[in-house]
file upload-v5.csv (CSV, C-alpha atoms)
chain,number,residue,atom,x,y,z
G,1,MET,CA,116.9,123.4,-30.5
G,2,SER,CA,113.5,121.7,-30.1
G,3,PRO,CA,113.3,118.5,-28.0
G,4,LEU,CA,112.3,116.5,-31.0
G,5,TRP,CA,115.2,117.7,-33.1
G,6,SER,CA,117.6,117.2,-30.2
G,7,PHE,CA,116.4,113.7,-29.8
G,8,PHE,CA,116.9,113.0,-33.5
G,9,TRP,CA,120.3,114.6,-33.6
G,10,HIS,CA,121.7,112.8,-30.6
G,11,VAL,CA,119.9,109.5,-30.5
G,12,PHE,CA,119.1,108.6,-34.1
G,13,PRO,CA,122.7,108.4,-35.4
G,14,SER,CA,123.6,106.1,-32.5
G,15,LEU,CA,120.6,103.8,-33.1
G,16,PHE,CA,121.3,103.9,-36.8
G,17,LEU,CA,125.0,102.8,-36.4
G,18,VAL,CA,124.1,100.0,-34.0
G,19,GLY,CA,121.1,98.9,-36.1
G,20,ILE,CA,122.9,98.7,-39.4
G,21,GLY,CA,126.3,97.7,-38.1
G,22,PHE,CA,125.4,94.0,-38.0
G,23,TYR,CA,123.7,94.3,-41.4
G,24,LEU,CA,126.8,95.8,-43.0
G,25,TRP,CA,129.1,93.2,-41.4
G,26,ARG,CA,126.9,90.5,-42.9
G,27,ARG,CA,127.2,92.2,-46.3
G,28,VAL,CA,131.0,92.4,-45.9
G,29,VAL,CA,131.0,88.6,-45.3
G,30,VAL,CA,128.9,88.0,-48.4
G,31,ALA,CA,131.2,90.2,-50.5
G,32,THR,CA,134.2,88.4,-49.1
G,33,GLN,CA,132.8,85.1,-50.1
G,34,TYR,CA,132.1,86.4,-53.5
G,35,TYR,CA,135.5,88.0,-54.2
G,36,ALA,CA,138.0,85.8,-52.2
G,37,PRO,CA,139.2,82.5,-53.4
G,38,GLN,CA,138.4,79.6,-51.2
G,39,ASN,CA,142.0,79.1,-49.9
G,40,SER,CA,142.3,82.8,-48.9
G,41,ARG,CA,139.0,83.3,-47.1
G,42,ARG,CA,140.4,82.7,-43.6
G,43,LEU,CA,143.1,85.4,-44.1
G,44,VAL,CA,140.5,87.8,-45.5
G,45,TYR,CA,138.2,87.1,-42.5
G,46,ALA,CA,141.0,87.9,-40.1
G,47,VAL,CA,142.1,91.1,-41.9
G,48,ALA,CA,138.8,92.5,-43.0
G,49,PRO,CA,137.5,93.5,-39.6
G,50,GLY,CA,140.6,95.5,-38.9
G,51,ILE,CA,140.6,97.2,-42.3
G,52,LEU,CA,136.9,98.0,-41.9
G,53,LEU,CA,137.4,99.5,-38.5
G,54,LEU,CA,140.4,101.5,-39.7
G,55,VAL,CA,138.6,103.0,-42.7
G,56,ALA,CA,135.4,103.7,-40.6
G,57,GLY,CA,137.5,105.3,-37.8
G,58,ALA,CA,139.5,107.5,-40.2
G,59,THR,CA,136.3,108.6,-42.0
G,60,PHE,CA,134.5,109.5,-38.8
G,61,ALA,CA,137.6,111.4,-37.5
G,62,TRP,CA,137.8,113.3,-40.8
G,63,ASN,CA,134.1,114.1,-40.9
G,64,GLY,CA,131.6,112.3,-38.8
G,65,VAL,CA,128.6,113.7,-40.6
G,66,PHE,CA,130.0,112.6,-44.0
G,67,ALA,CA,130.6,109.1,-42.6
G,68,PHE,CA,127.1,108.9,-41.2
G,69,ILE,CA,125.4,110.0,-44.4
G,70,ALA,CA,127.7,107.8,-46.6
G,71,LEU,CA,126.9,104.7,-44.5
G,72,LEU,CA,123.2,105.6,-44.6
G,73,HIS,CA,123.2,105.8,-48.4
G,74,LEU,CA,125.3,102.7,-48.8
G,75,THR,CA,123.0,100.7,-46.6
G,76,PHE,CA,119.9,102.0,-48.4
G,77,PHE,CA,121.2,101.0,-51.8
G,78,LEU,CA,122.4,97.6,-50.5
G,79,VAL,CA,118.8,96.9,-49.3
G,80,VAL,CA,117.3,98.1,-52.6
G,81,PHE,CA,119.5,95.8,-54.7
G,82,ALA,CA,119.0,92.9,-52.3
G,83,THR,CA,115.2,93.4,-52.4
G,84,ALA,CA,115.1,93.8,-56.2
G,85,ARG,CA,117.0,90.5,-56.7
G,86,ARG,CA,114.7,88.6,-54.4
G,87,VAL,CA,111.7,89.9,-56.3
G,88,LEU,CA,113.3,88.9,-59.6
G,89,ARG,CA,114.3,85.5,-58.3
G,90,ARG,CA,110.7,84.7,-57.3
G,91,LYS,CA,109.7,85.5,-60.9
G,92,GLY,CA,112.7,83.8,-62.4
G,93,GLY,CA,113.9,87.0,-63.9
G,94,ASP,CA,117.5,86.7,-62.7
G,95,LYS,CA,118.4,83.4,-64.3
G,96,GLY,CA,119.8,84.8,-67.5
G,97,ASN,CA,121.7,87.6,-65.6
G,98,ALA,CA,123.0,85.7,-62.6
G,99,THR,CA,126.6,86.9,-63.1
G,100,PHE,CA,125.5,90.5,-63.3
G,101,TRP,CA,123.3,90.2,-60.2
G,102,ASP,CA,126.0,88.4,-58.3
G,103,LEU,CA,128.4,91.4,-59.0
G,104,VAL,CA,125.8,94.0,-58.3
G,105,ASP,CA,124.1,92.4,-55.2
G,106,ARG,CA,126.5,90.0,-53.6
G,107,GLY,CA,129.6,91.9,-54.6
G,108,GLY,CA,128.0,95.2,-53.4
G,109,VAL,CA,129.1,97.0,-56.6
G,110,GLY,CA,125.6,98.5,-57.3
G,111,ALA,CA,125.4,100.2,-53.9
G,112,VAL,CA,128.9,101.5,-54.1
G,113,VAL,CA,128.5,102.9,-57.6
G,114,LEU,CA,125.1,104.6,-56.8
G,115,THR,CA,126.4,106.0,-53.5
G,116,ALA,CA,129.4,107.5,-55.4
G,117,ALA,CA,127.1,108.8,-58.1
G,118,VAL,CA,124.8,110.5,-55.6
G,119,PHE,CA,127.7,112.1,-53.7
G,120,SER,CA,129.4,113.2,-57.0
G,121,TYR,CA,126.2,114.9,-58.0
G,122,GLY,CA,125.9,116.5,-54.6
G,123,TYR,CA,129.5,117.8,-54.7
G,124,VAL,CA,128.8,119.6,-58.0
G,125,ASN,CA,125.3,120.7,-57.0
G,126,ILE,CA,126.2,122.5,-53.8
G,127,ARG,CA,128.7,124.7,-55.7
G,128,HIS,CA,126.3,125.6,-58.4
G,129,ILE,CA,124.5,128.7,-57.0
G,130,VAL,CA,121.3,129.7,-58.8
G,131,ARG,CA,119.4,133.0,-58.7
G,132,THR,CA,115.8,132.8,-57.3
G,133,GLU,CA,113.5,135.8,-57.7
G,134,TYR,CA,110.2,136.6,-56.0
G,135,SER,CA,107.8,139.5,-56.3
G,136,VAL,CA,106.1,140.6,-53.0
G,137,ASP,CA,103.5,143.3,-52.5
G,138,ALA,CA,103.4,145.3,-49.3
G,139,ALA,CA,100.1,146.7,-47.9
G,140,VAL,CA,101.6,150.2,-47.7
G,141,PRO,CA,102.4,152.7,-50.5
G,142,LEU,CA,106.1,152.6,-51.6
G,143,ARG,CA,108.0,154.5,-54.3
G,144,SER,CA,106.9,153.6,-57.8
G,145,GLU,CA,110.0,151.5,-58.7
G,146,GLY,CA,109.7,149.6,-55.4
G,147,TYR,CA,112.8,148.1,-53.7
G,148,LYS,CA,115.1,145.4,-54.9
G,149,ILE,CA,116.4,143.2,-52.0
G,150,VAL,CA,119.2,140.7,-52.2
G,151,PHE,CA,119.0,138.0,-49.5
G,152,LEU,CA,121.5,135.3,-48.9
G,153,SER,CA,122.0,132.9,-46.0
G,154,ASP,CA,123.7,129.8,-44.8
G,155,LEU,CA,127.1,130.3,-46.5
G,156,HIS,CA,128.9,128.3,-43.9
G,157,TYR,CA,132.1,129.7,-45.3
G,158,GLY,CA,134.9,127.3,-45.8
G,159,MET,CA,132.7,124.2,-46.3
G,160,ALA,CA,132.1,124.5,-50.1
G,161,THR,CA,133.2,128.0,-50.7
G,162,ASN,CA,136.5,129.9,-50.7
G,163,ALA,CA,137.7,133.4,-51.4
G,164,ALA,CA,137.7,132.9,-55.2
G,165,SER,CA,134.2,131.4,-55.4
G,166,LEU,CA,132.8,134.0,-53.0
G,167,ARG,CA,134.3,136.8,-55.0
G,168,ARG,CA,132.6,135.4,-58.1
G,169,LEU,CA,129.3,135.3,-56.3
G,170,VAL,CA,129.8,138.9,-55.2
G,171,GLU,CA,130.4,139.9,-58.8
G,172,ARG,CA,127.0,138.4,-59.7
G,173,LEU,CA,125.4,140.2,-56.8
G,174,ASP,CA,126.9,143.5,-57.9
G,175,ALA,CA,125.2,143.1,-61.2
G,176,GLU,CA,121.8,142.9,-59.4
G,177,ASP,CA,122.1,146.6,-58.6
G,178,ALA,CA,120.3,146.0,-55.2
G,179,ASP,CA,118.8,148.7,-53.0
G,180,LEU,CA,119.3,146.5,-49.9
G,181,VAL,CA,121.4,143.5,-49.1
G,182,ILE,CA,120.4,141.2,-46.2
G,183,LEU,CA,122.6,138.4,-44.8
G,184,GLY,CA,120.3,135.8,-43.1
G,185,GLY,CA,122.7,134.1,-40.7
G,186,ASP,CA,125.1,131.1,-40.6
G,187,ILE,CA,127.5,133.0,-42.8
G,188,VAL,CA,130.3,131.2,-40.9
G,189,ASP,CA,130.3,128.2,-38.5
G,190,GLU,CA,132.4,126.1,-36.3
G,191,GLY,CA,134.6,124.9,-39.1
G,192,THR,CA,135.4,128.4,-40.3
G,193,THR,CA,138.9,129.6,-39.2
G,194,PHE,CA,139.5,133.0,-37.7
G,195,GLU,CA,141.1,134.2,-41.0
G,196,GLU,CA,138.3,132.8,-43.1
G,197,MET,CA,135.7,134.5,-40.9
G,198,ARG,CA,137.3,137.9,-41.4
G,199,GLU,CA,137.7,137.1,-45.1
G,200,ALA,CA,134.1,136.2,-45.6
G,201,PHE,CA,132.7,139.4,-44.1
G,202,SER,CA,135.3,141.5,-45.8
G,203,ILE,CA,134.3,140.1,-49.2
G,204,LEU,CA,130.5,140.3,-48.5
G,205,GLY,CA,130.9,143.9,-47.3
G,206,LYS,CA,131.9,144.9,-50.8
G,207,ILE,CA,128.5,144.0,-52.4
G,208,LYS,CA,127.2,147.0,-54.3
G,209,ASN,CA,124.0,148.5,-52.8
G,210,ARG,CA,122.2,151.8,-52.2
G,211,LEU,CA,120.8,151.4,-48.7
G,212,GLY,CA,123.2,149.2,-46.7
G,213,ILE,CA,124.0,145.6,-45.9
G,214,TYR,CA,122.3,144.1,-42.8
G,215,TYR,CA,122.9,140.9,-41.0
G,216,VAL,CA,121.3,138.6,-38.4
G,217,TYR,CA,123.0,135.9,-36.5
G,218,GLY,CA,122.2,132.2,-37.2
G,219,ASN,CA,122.6,129.3,-34.8
G,220,HIS,CA,126.2,128.6,-36.1
G,221,ASP,CA,127.8,132.1,-36.4
G,222,ARG,CA,129.0,132.2,-32.8
G,223,SER,CA,130.4,128.6,-33.0
G,224,PRO,CA,128.3,127.4,-30.0
G,225,TYR,CA,128.6,123.7,-30.7
G,226,VAL,CA,132.4,123.3,-30.0
G,227,ARG,CA,134.3,123.8,-26.8
G,228,SER,CA,137.2,125.7,-28.4
G,229,PRO,CA,135.8,127.9,-31.1
G,230,ASN,CA,138.1,129.5,-33.7
G,231,PHE,CA,136.7,133.0,-32.9
G,232,ALA,CA,134.6,134.7,-30.4
G,233,GLU,CA,131.4,136.8,-30.9
G,234,LYS,CA,133.4,140.0,-30.4
G,235,ASP,CA,135.6,138.9,-33.3
G,236,VAL,CA,132.6,138.6,-35.5
G,237,GLN,CA,131.3,142.0,-34.3
G,238,THR,CA,134.7,143.6,-35.2
G,239,ALA,CA,134.7,142.0,-38.6
G,240,LEU,CA,131.2,143.1,-39.3
G,241,SER,CA,132.0,146.7,-38.2
G,242,GLU,CA,135.2,146.8,-40.3
G,243,SER,CA,133.2,145.6,-43.3
G,244,GLU,CA,130.4,148.1,-42.7
G,245,ILE,CA,127.8,145.4,-42.3
G,246,ARG,CA,125.1,146.4,-39.7
G,247,ALA,CA,124.1,143.6,-37.3
G,248,LEU,CA,120.6,143.6,-36.1
G,249,VAL,CA,120.2,141.6,-32.8
G,250,ASP,CA,116.6,142.1,-31.6
G,251,GLU,CA,116.8,145.6,-33.2
G,252,THR,CA,114.7,147.6,-35.7
G,253,ARG,CA,116.1,149.9,-38.3
G,254,VAL,CA,114.1,152.3,-40.6
G,255,VAL,CA,115.6,152.3,-44.1
G,256,ASP,CA,114.9,155.1,-46.6
G,257,GLY,CA,111.9,156.2,-44.5
G,258,ALA,CA,109.8,153.5,-46.1
G,259,LEU,CA,111.1,150.1,-44.8
G,260,THR,CA,111.4,148.9,-41.3
G,261,LEU,CA,113.9,146.0,-40.8
G,262,VAL,CA,113.3,143.9,-37.7
G,263,GLY,CA,116.3,141.7,-37.1
G,264,ARG,CA,115.9,139.0,-34.5
G,265,GLU,CA,118.3,137.1,-32.3
G,266,ASP,CA,118.5,133.5,-33.3
G,267,ALA,CA,115.6,131.3,-32.0
G,268,GLY,CA,118.0,129.1,-30.2
G,269,ARG,CA,119.0,131.9,-27.8
G,270,SER,CA,117.2,134.1,-25.3
G,271,ARG,CA,115.5,136.9,-27.3
G,272,GLN,CA,112.8,139.5,-27.2
G,273,SER,CA,109.3,138.5,-28.2
G,274,LEU,CA,108.2,139.5,-31.7
G,275,ALA,CA,105.4,141.6,-30.1
G,276,GLU,CA,108.0,143.7,-28.2
G,277,LEU,CA,110.0,144.3,-31.4
G,278,THR,CA,106.9,145.2,-33.4
G,279,ARG,CA,105.8,147.8,-30.9
G,280,LYS,CA,109.0,149.7,-31.9
G,281,THR,CA,107.9,149.9,-35.6
G,282,SER,CA,105.5,152.1,-37.6
G,283,GLU,CA,102.4,150.8,-39.5
G,284,SER,CA,103.1,153.4,-42.2
G,285,THR,CA,106.3,151.5,-43.3
G,286,ALA,CA,106.7,148.1,-44.9
G,287,ARG,CA,107.8,145.8,-42.1
G,288,ILE,CA,110.4,143.3,-43.0
G,289,LEU,CA,111.2,140.6,-40.5
G,290,VAL,CA,114.6,138.8,-40.8
G,291,ASP,CA,114.8,135.7,-38.6
G,292,HIS,CA,117.3,133.0,-39.3
G,293,GLN,CA,114.9,130.2,-38.4
G,294,PRO,CA,111.4,130.1,-39.9
G,295,VAL,CA,109.3,130.4,-36.8
G,296,ASP,CA,106.6,132.6,-35.3
G,297,TYR,CA,104.7,132.9,-38.6
G,298,ASP,CA,101.3,133.3,-36.9
G,299,GLN,CA,102.5,136.2,-34.7
G,300,ALA,CA,104.2,137.9,-37.7
G,301,SER,CA,101.0,137.6,-39.7
G,302,ARG,CA,99.0,139.2,-36.9
G,303,ASP,CA,101.6,142.0,-36.4
G,304,GLY,CA,101.3,143.1,-40.1
G,305,TYR,CA,104.7,142.2,-41.5
G,306,ALA,CA,104.9,142.4,-45.3
G,307,LEU,CA,107.9,140.1,-45.7
G,308,ILE,CA,109.6,137.5,-43.6
G,309,LEU,CA,113.0,136.3,-44.6
G,310,SER,CA,114.7,133.1,-43.2
G,311,GLY,CA,117.1,130.3,-44.0
G,312,HIS,CA,118.4,127.6,-41.7
G,313,THR,CA,116.6,124.6,-43.2
G,314,HIS,CA,118.9,124.3,-46.3
G,315,ALA,CA,115.8,122.8,-47.9
G,316,GLY,CA,116.9,119.5,-46.4
G,317,GLN,CA,120.3,119.6,-48.1
G,318,ILE,CA,120.7,115.8,-48.1
G,319,PHE,CA,118.8,112.7,-47.2
G,320,PRO,CA,117.5,112.1,-44.5
G,321,PHE,CA,117.5,115.7,-43.1
G,322,GLY,CA,114.8,116.8,-45.5
G,323,LEU,CA,112.5,114.2,-44.0
G,324,VAL,CA,113.1,115.5,-40.5
G,325,THR,CA,112.4,119.1,-41.1
G,326,GLY,CA,108.7,118.4,-41.6
G,327,ILE,CA,108.2,117.1,-38.1
G,328,THR,CA,110.3,119.6,-36.2
G,329,HIS,CA,109.8,123.3,-35.6
G,330,HIS,CA,110.9,124.0,-39.2
G,331,SER,CA,107.5,122.8,-40.4
G,332,SER,CA,106.5,126.5,-40.6
G,333,LEU,CA,108.1,126.4,-44.0
G,334,ASN,CA,111.0,124.3,-45.3
G,335,TYR,CA,111.7,126.1,-48.6
G,336,GLY,CA,110.2,128.7,-51.0
G,337,LEU,CA,107.5,131.3,-50.7
G,338,ARG,CA,104.2,131.1,-48.7
G,339,LYS,CA,101.4,133.6,-48.2
G,340,ILE,CA,100.6,133.3,-44.6
G,341,GLY,CA,97.7,135.7,-44.3
G,342,ASN,CA,97.0,139.3,-43.4
G,343,GLY,CA,99.2,140.4,-46.4
G,344,ALA,CA,102.3,138.7,-45.0
G,345,THR,CA,104.7,136.7,-47.3
G,346,ALA,CA,107.3,134.3,-45.9
G,347,ILE,CA,110.4,133.3,-47.9
G,348,VAL,CA,112.8,130.6,-46.8
G,349,SER,CA,116.0,130.2,-48.8
G,350,SER,CA,117.8,126.9,-49.3
G,351,GLY,CA,121.1,128.8,-48.7
G,352,VAL,CA,124.2,129.7,-50.6
G,353,SER,CA,126.0,126.5,-49.4
G,354,GLY,CA,125.5,123.8,-46.8
G,355,TRP,CA,126.6,122.5,-43.4
G,356,GLY,CA,128.5,119.4,-42.3
G,357,MET,CA,129.6,118.2,-45.6
G,358,PRO,CA,130.3,119.8,-49.0
G,359,ILE,CA,127.4,117.9,-50.6
G,360,ARG,CA,123.8,118.9,-51.5
G,361,THR,CA,121.3,116.5,-53.1
G,362,SER,CA,118.2,118.3,-52.0
G,363,LYS,CA,117.2,121.4,-53.9
G,364,HIS,CA,119.9,123.8,-55.0
G,365,SER,CA,122.2,126.4,-53.5
G,366,GLU,CA,120.9,129.9,-54.2
G,367,TYR,CA,120.8,133.6,-53.5
G,368,VAL,CA,117.3,135.3,-53.4
G,369,VAL,CA,116.2,138.5,-55.1
G,370,VAL,CA,113.0,140.0,-53.8
G,371,ARG,CA,111.2,142.8,-55.7
G,372,LEU,CA,109.1,144.6,-53.1
G,373,SER,CA,106.3,146.8,-54.4
G,374,GLY,CA,103.8,148.9,-52.5
G,375,SER,CA,100.0,148.7,-52.5
G,376,SER,CA,99.9,151.3,-55.3
G,377,GLY,CA,102.2,152.7,-57.9
G,378,GLU,CA,102.1,156.2,-56.3
G,379,LEU,CA,105.3,157.8,-55.0
G,380,ARG,CA,105.4,158.5,-51.3
G,381,LYS,CA,105.1,162.1,-50.4
G,382,LYS,CA,108.7,162.4,-49.4
G,383,ASP,CA,109.8,161.1,-52.9
G,384,LYS,CA,107.7,163.6,-54.9
G,385,PRO,CA,109.7,166.5,-56.5

call {"tool": "encode", "arguments": {"input": "upload-v5.csv", "output": "structure tokens"}}
result
Amino acid sequence: MSPLWSFFWHVFPSLFLVGIGFYLWRRVVVATQYYAPQNSRRLVYAVAPGILLLVAGATFAWNGVFAFIALLHLTFFLVVFATARRVLRRKGGDKGNATFWDLVDRGGVGAVVLTAAVFSYGYVNIRHIVRTEYSVDAAVPLRSEGYKIVFLSDLHYGMATNAASLRRLVERLDAEDADLVILGGDIVDEGTTFEEMREAFSILGKIKNRLGIYYVYGNHDRSPYVRSPNFAEKDVQTALSESEIRALVDETRVVDGALTLVGREDAGRSRQSLAELTRKTSESTARILVDHQPVDYDQASRDGYALILSGHTHAGQIFPFGLVTGITHHSSLNYGLRKIGNGATAIVSSGVSGWGMPIRTSKHSEYVVVRLSGSSGELRKKDKP
């Protein structure tokens, strides 16, 4: 985790809560004055703080990330409506609609409705998984039909997916008729139970393919952010082995004599340099780098990689995280495809699901299909009859 990201993650939420706490309390008072009859205001003032603290405490205990994001959206919309009314008032535009604006602004209805609408959209959007396809050319000859690669990352199993929805996804992936399946990390996380972890890899291990299913660790797969994880790394390794999914941890693997997969340890842990891993590969094969976090693009370009596959960013997932990724180490690429020079193509997926809360308002959930072609349509010598 970069120092800037660490600062944001640990300090900004606290500053935010302190900064807007007073503002929200003032808005509660305004709303109380709007809704409560004159003779009951003292009672409401006495009870409201306790109710507010109880609701806030329960929400944070259930899901602190959800509470933080919900309060952020609510505050934003409160400020928007308050600002809009002030602008209209200066121009005399609210005189004929004073009752409406009192309800929307002073009563806080506008902010509550918009926050609920945004979160409702996000709840549906994160569960709607789309198919994204890219075509990539390698600088070495490959078989005439090329290779079809299915890439999925950031499932965070248990957050917005269950066994039924994952099996439906696998049915779609089976129809892709892939040569190769690559799992790009964060398939499980701290919230995934031991049983769910085994279930997730068991289901994913059944995806139809010709050349194997490969996997790299993300920053959440080993549950490093909790003191008492639901499973250990050895449990993940066992589940992967039983599901016939091959983990690549700072390892290289030649596939079909034509592709070299380089699977990196997560960037948040001690790992070999990319230069060390590249020295174990052959220039005559199409090099595919799988790194959960989108980093080291300059080095990968110099080392002659044809394709770099990553996830991790979730394409922002939900405001304000999308704003932050541009000023952290994720600035290499937040989402999509980029030609990075020397024939290298980088792809960052938004992920199959999301982390922290079952809501996505930024981009979409997706799995990625890559059609990898060679520098010419000729068959490699080994493929000729």

call {"tool": "residues_around", "arguments": {"input": "upload-v5.csv", "residues": "Ser202 in chain G", "least_positions_apart": "5", "cutoff": "10 Å", "atoms": "all atoms listed in the file", "output": "ChimeraX atom specification"}}
result
/G:196-197,207,239-245

call {"tool": "closest_residue", "arguments": {"input": "upload-v5.csv", "among": "G:Ala160, G:Val79, G:Leu142, G:Ile187", "to": "Ile126 in chain G", "atoms": "all atoms listed in the file"}}
result
G:Ala160

call {"tool": "atom_distance", "arguments": {"input": "upload-v5.csv", "atom1": "CA of Gly316 in chain G", "atom2": "CA of Ser349 in chain G"}}
result
11.0 Å

call {"tool": "residues_around", "arguments": {"input": "upload-v5.csv", "residues": "range 188-194 of chain G", "least_positions_apart": "2", "cutoff": "8 Å", "atoms": "all atoms listed in the file", "output": "VMD selection string"}}
result
chain G and resid 154 to 159 186 196 to 198 200 220 to 226 229 to 231

call {"tool": "write_last_selection", "arguments": {"input": "upload-v5.csv", "atoms": "C-alpha atoms", "output": "PDB file, in the frame of the given file"}}
result
ATOM      1  CA  ASP G 154     123.700 129.800 -44.800  1.00  0.00           C
ATOM      2  CA  LEU G 155     127.100 130.300 -46.500  1.00  0.00           C
ATOM      3  CA  HIS G 156     128.900 128.300 -43.900  1.00  0.00           C
ATOM      4  CA  TYR G 157     132.100 129.700 -45.300  1.00  0.00           C
ATOM      5  CA  GLY G 158     134.900 127.300 -45.800  1.00  0.00           C
ATOM      6  CA  MET G 159     132.700 124.200 -46.300  1.00  0.00           C
ATOM      7  CA  ASP G 186     125.100 131.100 -40.600  1.00  0.00           C
ATOM      8  CA  GLU G 196     138.300 132.800 -43.100  1.00  0.00           C
ATOM      9  CA  MET G 197     135.700 134.500 -40.900  1.00  0.00           C
ATOM     10  CA  ARG G 198     137.300 137.900 -41.400  1.00  0.00           C
ATOM     11  CA  ALA G 200     134.100 136.200 -45.600  1.00  0.00           C
ATOM     12  CA  HIS G 220     126.200 128.600 -36.100  1.00  0.00           C
ATOM     13  CA  ASP G 221     127.800 132.100 -36.400  1.00  0.00           C
ATOM     14  CA  ARG G 222     129.000 132.200 -32.800  1.00  0.00           C
ATOM     15  CA  SER G 223     130.400 128.600 -33.000  1.00  0.00           C
ATOM     16  CA  PRO G 224     128.300 127.400 -30.000  1.00  0.00           C
ATOM     17  CA  TYR G 225     128.600 123.700 -30.700  1.00  0.00           C
ATOM     18  CA  VAL G 226     132.400 123.300 -30.000  1.00  0.00           C
ATOM     19  CA  PRO G 229     135.800 127.900 -31.100  1.00  0.00           C
ATOM     20  CA  ASN G 230     138.100 129.500 -33.700  1.00  0.00           C
ATOM     21  CA  PHE G 231     136.700 133.000 -32.900  1.00  0.00           C
TER      22      PHE G 231
END

call {"tool": "atom_distance", "arguments": {"input": "upload-v5.csv", "atom1": "CA of Arg269 in chain G", "atom2": "CA of Val254 in chain G"}}
result
24.6 Å

call {"tool": "atom_distance", "arguments": {"input": "upload-v5.csv", "atom1": "CA of Ala70 in chain G", "atom2": "CA of Pro358 in chain G"}}
result
12.5 Å

call {"tool": "build_atoms", "arguments": {"input": "upload-v5.csv", "residues": "range 186-201 of chain G", "atoms": "N, CA and C atoms", "output": "compact mmCIF listing (two decimals), keeping the file's coordinate frame"}}
result
# COMPACT_ATOMS: atom_id res chain seq x y z
N ASP G 186 124.25 132.27 -40.33
CA ASP G 186 125.10 131.10 -40.60
C ASP G 186 126.02 131.41 -41.82
N ILE G 187 126.55 132.60 -41.83
CA ILE G 187 127.50 133.00 -42.80
C ILE G 187 128.84 132.22 -42.55
N VAL G 188 129.13 132.02 -41.29
CA VAL G 188 130.30 131.20 -40.90
C VAL G 188 129.81 130.19 -39.85
N ASP G 189 130.68 129.24 -39.53
CA ASP G 189 130.30 128.20 -38.50
C ASP G 189 131.53 127.70 -37.81
N GLU G 190 131.36 126.59 -37.10
CA GLU G 190 132.40 126.10 -36.30
C GLU G 190 133.68 125.65 -37.05
N GLY G 191 133.49 125.29 -38.30
CA GLY G 191 134.60 124.90 -39.10
C GLY G 191 135.35 126.02 -39.79
N THR G 192 134.82 127.22 -39.71
CA THR G 192 135.40 128.40 -40.30
C THR G 192 136.59 128.87 -39.42
N THR G 193 137.74 129.09 -40.00
CA THR G 193 138.90 129.60 -39.20
C THR G 193 138.69 131.08 -38.94
N PHE G 194 139.50 131.60 -38.04
CA PHE G 194 139.50 133.00 -37.70
C PHE G 194 139.74 133.85 -38.97
N GLU G 195 140.74 133.47 -39.74
CA GLU G 195 141.10 134.20 -41.00
C GLU G 195 139.97 134.12 -41.99
N GLU G 196 139.37 132.94 -42.12
CA GLU G 196 138.30 132.80 -43.10
C GLU G 196 137.06 133.61 -42.67
N MET G 197 136.79 133.69 -41.36
CA MET G 197 135.70 134.50 -40.90
C MET G 197 135.84 135.95 -41.30
N ARG G 198 137.00 136.50 -41.05
CA ARG G 198 137.30 137.90 -41.40
C ARG G 198 137.22 138.06 -42.95
N GLU G 199 137.72 137.08 -43.64
CA GLU G 199 137.70 137.10 -45.10
C GLU G 199 136.31 137.12 -45.67
N ALA G 200 135.46 136.28 -45.12
CA ALA G 200 134.10 136.20 -45.60
C ALA G 200 133.34 137.50 -45.49
N PHE G 201 133.40 138.11 -44.31
CA PHE G 201 132.70 139.40 -44.10
C PHE G 201 133.30 140.51 -44.89
